[in-house]
Structure formats: structure tokens, C-alpha cells
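Accompanying notes for the structure given below.
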Amino acid sequence: MSDNAPTDRPKHFIRQMIDDHIAQGRWGSAGDRTVLTTRFPPEPNGFLHIGHAKSICLNFGLAEEYGGRCFLRFDDTNPSKEEQRYVDAIIRDIKWLGFNWPGAGAGDEGVLFASDYFGFMHDCAVDLIRKGKAYVDEQDAKAIREGRGSTSEPGTNSPYRDRPAAESLELFARMRSGEYPDGAKVLRAKIDMAHPNFNMRDPVMYRIANAAHHRTGDDWHIYPMYDWAHGLEDSLEGVTNSLCTLEFEDHRPLYDWFIGAVNEGRSEAEKIHHAQQTEFARLNFTYTNMSKRRLLELVEKGIVQDWDDPRMITISGFRRRGYTPESIRSLCEEVGVTKFNSLIDFGKLENACRDHLNRVAPRRMAVLRPLKVTIESWPEGETDQLDAVNNPEDEAAGTRKVPFTRTIYIERDDFMEDAPKKFFRLKPGGEVRLRAAYWITCKDVIKNDDGEVVELICTHDPETRGGGNPPPDAEGKVRKVKGTLHWVSAEHAIDAKVHLFDRLYNAERPGKKTGDHLDDVNPDSLDVVDAKLEPSLAEATPDEPAWAYGIRRFQFERLGYFCEDQSSAPEARLFNRTVTLKDSWAKKG
RNA sequence: AGGGGUGUGGUGUAAUUGGUAACACGACGGAUUCUGAUUCCGUUAUUCAGGGUUCGAGUCCCUGCACCCCUGCCA
């Protein structure tokens, strides 16, 4: 992975800072790049989404690049919101993206949990109480909030603020042992109730929660707050760079204060490690929302099937949709790392996906909205097995056989009775190429009683077998044809459902206007069609580069990239459209 | 209102740390093409505004403006 040497990748501000630290020997001997230690610390309260991918790529990517390490650590300090299901999903998603942490294996080997440090955190809290830097407050949540003041008013000290350390120590011990109901008491840091930064106005360190934790069960009745816990977690793991998003900028002074408070009065040997917190901007896309709360709402309200619905911007959703990990990683590299709150065009992600799939996805033919075509010049019952190229971008992908018969299906959109001049697909009297097969000419149009076109009668040109241009005529002129259509043999076609997805929201910034993202939900984000697939799609196929994690991905020629859904079975095939091909014709029309 | 941040083309990032705006994507135009795809070639900004320092400013200084985050016993 890493050669432990500088790369020529652009140096964003975080790389630059890390390089400076290493040059100065801040974490060990100067020049040793392998000291770099990062972590990705999700709370297991939902599925990972594309926004997390940026942080994952940054943290794990940096570790790979420097020859350091990056831990996967669950920040499971709030039992009421966390579930084992989410732990499992998060582990799987990170592995799917292609990243590893020290000790990673097939399951959860090497995975770290904040809950494993609860004892240490507790002891540090006791230490702070003894030093007079923390106290047990018995006010209720409302009183604490009011005591915090406002932007124009300083806060007021709690009546319990100056109680003797011995008293706090005793009460804290009883909080821990489960004597009190939720909310009865909290442990607070004693900092400054008039501080302009609210986080410094005596923040809560511990609250009482008589809830079962998904890992520690009923061992604890008190749980540490994020600010208190996070720096200690980083410290214990020897994290050098604690990277987080912009909204934590205001928390950095507190992060530093806590470590400083623990270390105060300790000898050098007793001091705990102090990581460097640095903040970067979150990833934002148009037509999406990146809030776990709102994603949960989509799941709970049944707007999507589950967290891994292909329309979801979760990592699991993208996987099921057919995106490749490579495309997600390349996008994260492309958007860079800054402190600027950017809004990235969702099309950029689709483009990264097309870019990768174009190189690796095997081509197949599939007709989404079939229109019957009878080749009257083709003998009844006769089948021609034609060779079709699997991937023009990759010669090694070889060819496959595609059966051609008298009755075939083409795409309804590929025929127009009154076609504009620039329409170079099939029209009455017109000639087109059938990909890898023959040139055909439309002789007749058959309609039903409602006037809808139900069948085309065509003839084929035997000279054009394989789809190539026929030999020049006597005068040396080469006949050419502008349009090429995809098709499938009716007799051989396999039936399948295909899910065509559109964006989940109609607004660039869902909920921006009304405050409720549900107001901008696109009711037509899923379209189900009955498609006809080329028979090779039913064959068990050898491994292909595009099929990581057993996901069979293809390009359906002229239509887009598709993958077989995890629920697909031989008797009921289901494909998902990952993304369409670019279509400059559709754009003009 | 107090605190913390951020402003470079349609979008995102870069600029040897004061040396004459680069790259990617998109869009548009053209060429090639058995996918209206891909590929290829062109076009696409005087850096939020105003002032100052300097031979020289996206980079330094001053004054504004805009946007984002912060008053959970969430993370």
C-alpha cells in the first residue's frame, strides 16, 4: 500500500500540517512518517453515508500514505441511540471501500470501542473532581440550560459549583452505582460560566442513563459526554491527528482543556498523550441531505425500503445501486480537503461512477421498453450466433455470442414515425444498424386499434453481417448508416424487472425553503419496467473486475450501467440502474 | 448581540508562501466512432467589495459585505 515516502499528490492543509509536525519531530523522532496515527470514530446510530466516505478516505488514506495507522473506533457513549446492527453495517461498509485498520480480519477483529475505555474515563473524572476541576450538579436540565446564559449574557454559577470535592466524589460514586434516576444529577467541569464560548461554560462530563448498552450491558449507569470522552479515546490510542468536521471547531478549546486538566500536576511520566484536533469541511451534495437523523426519517416513514435502498446516499445504498468503491474513493480525492463549506454537484459523483464503470463494466444488450420487430427477410426458425465485443475499452474482455432470429425487440424510443431530421434511429423507410448484427430497413408499421405502434416489419441486408459496413459498390462508394440500435432476440430473451431510479429529492437543497426535507421528496424516484435481456445475462459468468463483493455490474449498451440486485434470482431477475450513460441527444430534445 | 470559521470561473481544488491565475469536472463548438457513449481538439475567471503598502498582491495591512457553525444531560 504505502512506500512510506512523500507522494506528489497535492498538499492540502492537513497534509501540510502533518508534514510540519513530522519534520519538527512533534510525535517522535523527526522525519519518521510512520508515527502518523489517525482514527475514524463513527457513532453506531445509523448507516455510513457518502459524507462519511470523505472522512474515511482522509483518515485511512493518510495512514496508508504515510505508513502510519488508522483505527476504526466506535464512539459508543450514548446507549439510547446505538445498536449492534449499525456496528456490523459500518464495519462492512468500510471494508467494502477497501480500507483496513490494524488487526483487521474477516469479522470485527481489531475494531476499537470507546466503551472499552469507560473505566479509564471514570478514573480520570475522579481525578478532576479531586483537583477541584469538576463537580456534581443537581440542577435539572432546564436550570442548567438557563444558567448557561446567552450570547449577550454571561452564565451564572450553579449553587452546587463550590461544593467540597469530597461531597462530589461521594455523589459521583452513587451516580455510578445506579442510585439515581435519569437526569437527577450530572458531573460538570468547572471552567468559566462567563466564557464567550458556550462549550466552556461548565460543560457536562457525565449524565445518568439507566439504559442497557449494546456492549457493556448494565455495567454502567453513567455515560461520558462526547467532549469528555473523545480526547481520552484519542489519547489512549496514541492518535496523533484527530480529524473532525468544522462544527467541532468550537469544541477544540474544550478538547485541549480536558487533556490539560488531566495532566495538571502530573509528572511527565504520568501525563497522558495529547492529540492535535484539526477540522475540515463536510462533504455536501446537491439534491441530497447528509443528516443521519433525516436519513432515519426516510427509512422510518417508508419513503425508502431501508438504509441500503439504492436511492439512499448511504455507502450501503451506493453499493446496492451498483457504484464501485473505486468511484467513491476517486471522488473523495477529487473534491479535496479544505475548510470551505462547498456544495458539490451530484452529477460529479455520477460522473466518477461512469468513469470507472466505462473502463471495467462488460457490455450487454437489454431492451427496457420492448417494441416487437419482425425481420420478414429472415427465415423462420433460423438462428444466427453473432460475436459481440464485451468491452471496447478492454480487449482482454473478449467477445460473446448473441443469438439473432426473425423476431427481435428494440427500444420503443428508437423508433419514430414522424422523426425530426436529426433523428438517426429507425423511421419508416429508414435503415439502421443492429449492434453486432445486421443492418435493417423499416418496411411497415403495424398499429393497434388505439393507433399505437405495436410492431415493425423490416428486412435485413445479409451483406452487413456482424454490423460492419458492407463492401464498396461498383463506383467505390461506401454505404454508411448513422444509427446503431441495441436489440434482443424475442425467442431467447430473458425477462427481468429493472428499477430505474431518479433522485430522491426535487430540490437542490432539500428542506431549504420550508424547513422540512420531506416537502421536497420526489414521488417518482422509482420506476419499475419489464425488460428483455440478452440471454448471456443469465449465465454464470467468471469474475470480472467490476464485480467486487459479488455484485454483477454491466453496461447495457446505449442505456447506462446496471447491476443485478441482491434479491435477484433466476426465476425473478431484478436489475438496478446505477446511472445512465451521458445522452447529448436527450438533452437537446 | 458575543464567540468560532470561510470567501479564487458553472462546480470543486491549486498557485514554488509577494513574481504576473494552473488542474479536474461540467457546459458549449468541432473531429473520430458498430454505443447520440468513450476518445481527441478547441472555447470557457483579472481571485467577495473598496482602499492601502510594493517595481510587483489571490497571497501583506485597513475598512466593509456575504455565507456557515455555536446557548443537548446528542455526536
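Identifiers for the C-alpha cells are assigned positionally: chains receive A, B, ... in sequence, residues are indexed from 1 per chain, and ligands are indexed from 1 in the order shown.
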
* Expected answer as a list in words: chain B residues within 8 Å of chain A, only C-alpha atoms (C1' of nucleotides) ->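 For chain B, the answer reads A1, G2, G3, G4, G5, U6, U11, G12, U13, A14, A24, C25, C34, U35, G36, A37, U38, C68, C69, C70, U71, C73, C74 and A75 of chain B.
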
Could you pull out the strand (DSSP E or B) residues of range 35-191 of chain A, going by DSSP on the backbone, and write them as a compact mmCIF listing (two decimals) with C-alpha atoms, in the first residue's frame?
```
# COMPACT_ATOMS: atom_id res chain seq x y z
CA THR A 37 -1.92 7.82 13.76
CA THR A 38 -5.48 8.72 12.83
CA ARG A 39 -8.86 7.26 13.58
CA PHE A 40 -12.32 7.11 12.11
CA HIS A 49 -23.24 7.82 4.18
CA ARG A 69 -2.10 3.60 11.03
CA CYS A 70 -5.75 4.44 11.28
CA PHE A 71 -8.06 2.87 13.84
CA LEU A 72 -11.72 2.15 13.43
CA ARG A 73 -13.20 3.18 16.75
CA PHE A 74 -16.85 3.23 17.64
CA LEU A 112 -11.95 -0.46 18.92
CA PHE A 113 -14.79 0.76 21.12
CA ALA A 134 -15.26 19.05 38.32
CA TYR A 135 -18.37 18.90 40.47
CA VAL A 136 -21.67 17.11 40.73
CA ASP A 137 -24.56 19.38 39.82
CA VAL A 186 -24.63 15.36 36.25
CA LEU A 187 -20.91 15.77 36.58
CA ARG A 188 -19.73 19.12 35.27
CA ALA A 189 -16.32 20.56 34.55
```

* **Pick from A:Thr288, A:His21, A:Pro44, A:Arg293 nearest to Leu349 in chain A, counting only C-alpha atoms** =>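 Among the listed residues, A:Thr288 lies closest to Leu349 in chain A.
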
Applying 10 Å and only C-alpha atoms (C1' of nucleotides), which residues near A57 in chain B remain after dropping the ones on its own chain fewer than 6 positions away? List them as an mmCIF file with N, CA and C atoms (P, O5', C5', C4', C3', O3' and C1' of nucleotides), in the first residue's frame.
```cif
data_model
loop_
_atom_site.group_PDB
_atom_site.id
_atom_site.type_symbol
_atom_site.label_atom_id
_atom_site.label_comp_id
_atom_site.auth_asym_id
_atom_site.auth_seq_id
_atom_site.Cartn_x
_atom_site.Cartn_y
_atom_site.Cartn_z
ATOM 1 P P G B 18 5.441 35.223 1.016
ATOM 2 O "O5'" G B 18 4.970 36.213 -0.117
ATOM 3 C "C5'" G B 18 3.830 35.897 -0.885
ATOM 4 C "C4'" G B 18 3.936 36.536 -2.231
ATOM 5 C "C3'" G B 18 5.264 36.316 -2.947
ATOM 6 O "O3'" G B 18 5.026 36.082 -4.329
ATOM 7 C "C1'" G B 18 4.836 38.620 -2.752
ATOM 8 P P G B 19 5.567 34.775 -5.084
ATOM 9 O "O5'" G B 19 5.575 35.290 -6.584
ATOM 10 C "C5'" G B 19 4.361 35.665 -7.218
ATOM 11 C "C4'" G B 19 4.642 36.280 -8.576
ATOM 12 C "C3'" G B 19 5.396 35.363 -9.537
ATOM 13 O "O3'" G B 19 4.933 35.664 -10.859
ATOM 14 C "C1'" G B 19 6.674 37.322 -9.130
ATOM 15 P P U B 20 4.923 34.492 -11.971
ATOM 16 O "O5'" U B 20 3.692 34.885 -12.903
ATOM 17 C "C5'" U B 20 2.362 34.699 -12.422
ATOM 18 C "C4'" U B 20 1.515 35.881 -12.808
ATOM 19 C "C3'" U B 20 1.471 36.171 -14.315
ATOM 20 O "O3'" U B 20 0.150 36.494 -14.687
ATOM 21 C "C1'" U B 20 2.224 38.090 -13.131
#
```

* To do: May I have all residues of range 119-308 of chain A that DSSP, computed from the backbone, assigns to alpha helix (DSSP H), given as a PyMOL selection string?
  => chain A and resi 119-130+141-147+165-177+226-237+252-263+292-300

Residues as selected, C-alpha atoms, written as a JSON list (two decimals), in the first residue's frame, can you do that?
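This is the output file out.json:
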```json
[["chain", "number", "residue", "atom", "x", "y", "z"],
["A", 119, "GLY", "CA", -13.18, 2.62, 33.37],
["A", 120, "PHE", "CA", -10.28, 4.85, 32.42],
["A", 121, "MET", "CA", -12.59, 7.76, 31.71],
["A", 122, "HIS", "CA", -14.23, 7.33, 35.07],
["A", 123, "ASP", "CA", -10.88, 7.34, 36.87],
["A", 124, "CYS", "CA", -9.82, 10.49, 35.06],
["A", 125, "ALA", "CA", -13.09, 12.14, 36.09],
["A", 126, "VAL", "CA", -12.44, 11.25, 39.72],
["A", 127, "ASP", "CA", -9.01, 12.79, 39.32],
["A", 128, "LEU", "CA", -10.57, 16.03, 38.08],
["A", 129, "ILE", "CA", -13.02, 16.13, 40.99],
["A", 130, "ARG", "CA", -10.14, 15.72, 43.40],
["A", 141, "ALA", "CA", -31.61, 20.13, 32.53],
["A", 142, "LYS", "CA", -33.73, 23.26, 32.26],
["A", 143, "ALA", "CA", -31.96, 25.01, 35.12],
["A", 144, "ILE", "CA", -28.59, 24.14, 33.65],
["A", 145, "ARG", "CA", -29.60, 25.50, 30.28],
["A", 146, "GLU", "CA", -30.86, 28.74, 31.78],
["A", 147, "GLY", "CA", -27.77, 29.06, 33.91],
["A", 165, "ALA", "CA", -14.62, 17.75, 46.37],
["A", 166, "ALA", "CA", -15.34, 15.02, 48.92],
["A", 167, "GLU", "CA", -19.06, 15.61, 48.51],
["A", 168, "SER", "CA", -18.87, 15.44, 44.70],
["A", 169, "LEU", "CA", -16.74, 12.34, 44.94],
["A", 170, "GLU", "CA", -19.34, 10.61, 47.06],
["A", 171, "LEU", "CA", -22.26, 11.69, 44.86],
["A", 172, "PHE", "CA", -20.41, 10.68, 41.70],
["A", 173, "ALA", "CA", -19.80, 7.23, 43.16],
["A", 174, "ARG", "CA", -23.52, 6.91, 43.88],
["A", 175, "MET", "CA", -24.41, 8.10, 40.39],
["A", 176, "ARG", "CA", -22.21, 5.37, 39.09],
["A", 177, "SER", "CA", -23.74, 2.69, 41.24],
["A", 226, "TYR", "CA", -18.62, 13.40, 23.70],
["A", 227, "ASP", "CA", -16.28, 16.22, 24.72],
["A", 228, "TRP", "CA", -15.02, 14.43, 27.77],
["A", 229, "ALA", "CA", -14.71, 11.07, 26.10],
["A", 230, "HIS", "CA", -13.25, 11.87, 22.74],
["A", 231, "GLY", "CA", -9.90, 13.32, 23.72],
["A", 232, "LEU", "CA", -9.33, 10.49, 26.18],
["A", 233, "GLU", "CA", -10.09, 7.92, 23.47],
["A", 234, "ASP", "CA", -7.61, 9.59, 21.14],
["A", 235, "SER", "CA", -5.10, 9.78, 23.97],
["A", 236, "LEU", "CA", -5.33, 6.12, 24.91],
["A", 237, "GLU", "CA", -4.85, 5.03, 21.31],
["A", 252, "ARG", "CA", -11.26, 22.27, 20.31],
["A", 253, "PRO", "CA", -10.56, 24.60, 23.27],
["A", 254, "LEU", "CA", -12.50, 22.19, 25.47],
["A", 255, "TYR", "CA", -10.76, 19.17, 23.96],
["A", 256, "ASP", "CA", -7.46, 20.76, 24.88],
["A", 257, "TRP", "CA", -8.69, 21.93, 28.28],
["A", 258, "PHE", "CA", -9.72, 18.42, 29.31],
["A", 259, "ILE", "CA", -6.38, 16.87, 28.45],
["A", 260, "GLY", "CA", -4.62, 19.75, 30.13],
["A", 261, "ALA", "CA", -6.76, 19.35, 33.26],
["A", 262, "VAL", "CA", -5.96, 15.64, 33.50],
["A", 263, "ASN", "CA", -2.27, 16.34, 33.06],
["A", 292, "LYS", "CA", -28.38, 10.75, 9.77],
["A", 293, "ARG", "CA", -31.49, 11.95, 11.54],
["A", 294, "ARG", "CA", -33.20, 12.72, 8.26],
["A", 295, "LEU", "CA", -31.99, 9.54, 6.61],
["A", 296, "LEU", "CA", -33.52, 7.65, 9.53],
["A", 297, "GLU", "CA", -36.75, 9.52, 8.89],
["A", 298, "LEU", "CA", -36.81, 8.37, 5.28],
["A", 299, "VAL", "CA", -36.44, 4.80, 6.48],
["A", 300, "GLU", "CA", -38.99, 5.03, 9.26]]
```

* To do: Fewer than 6 positions away in the same chain doesn't count, so skip those; otherwise give me all residues within 10 Å of Pro462 in chain A, counting only C-alpha atoms (C1' of nucleotides), as a list of chain:residue names.
  =>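 With the cut-off at 10 Å, the set is A:Ser377, A:Trp378, A:Ala437, A:Tyr438, A:Trp439, A:Ile440, A:Pro470.
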
* Asked: Do you know which residues are at most 12 Å from C65 in chain B counting only C-alpha atoms (C1' of nucleotides), after dropping those on the same chain fewer than 3 positions away, and could you put them as a PyMOL selection string?
  -> chain B and resi 7+48-50

* Shell of 12 Å around U53 in chain B, only C-alpha atoms (C1' of nucleotides), local chain residues under 5 positions omitted, as a list in words -> G18, C60, C61 and C62 of chain B

* Skip range 41-45 of chain B itself and residues of its chain fewer than 4 positions away, then list as a PyMOL selection string all residues within 9 Å of it, counting only C-alpha atoms (C1' of nucleotides). => chain B and resi 8-9+21+27-31

* Nearest-residue call for Asn210 in chain A, choices A:Gly110, A:Pro79, A:Pro164, A:Pro310, using only C-alpha atoms -> A:Pro79
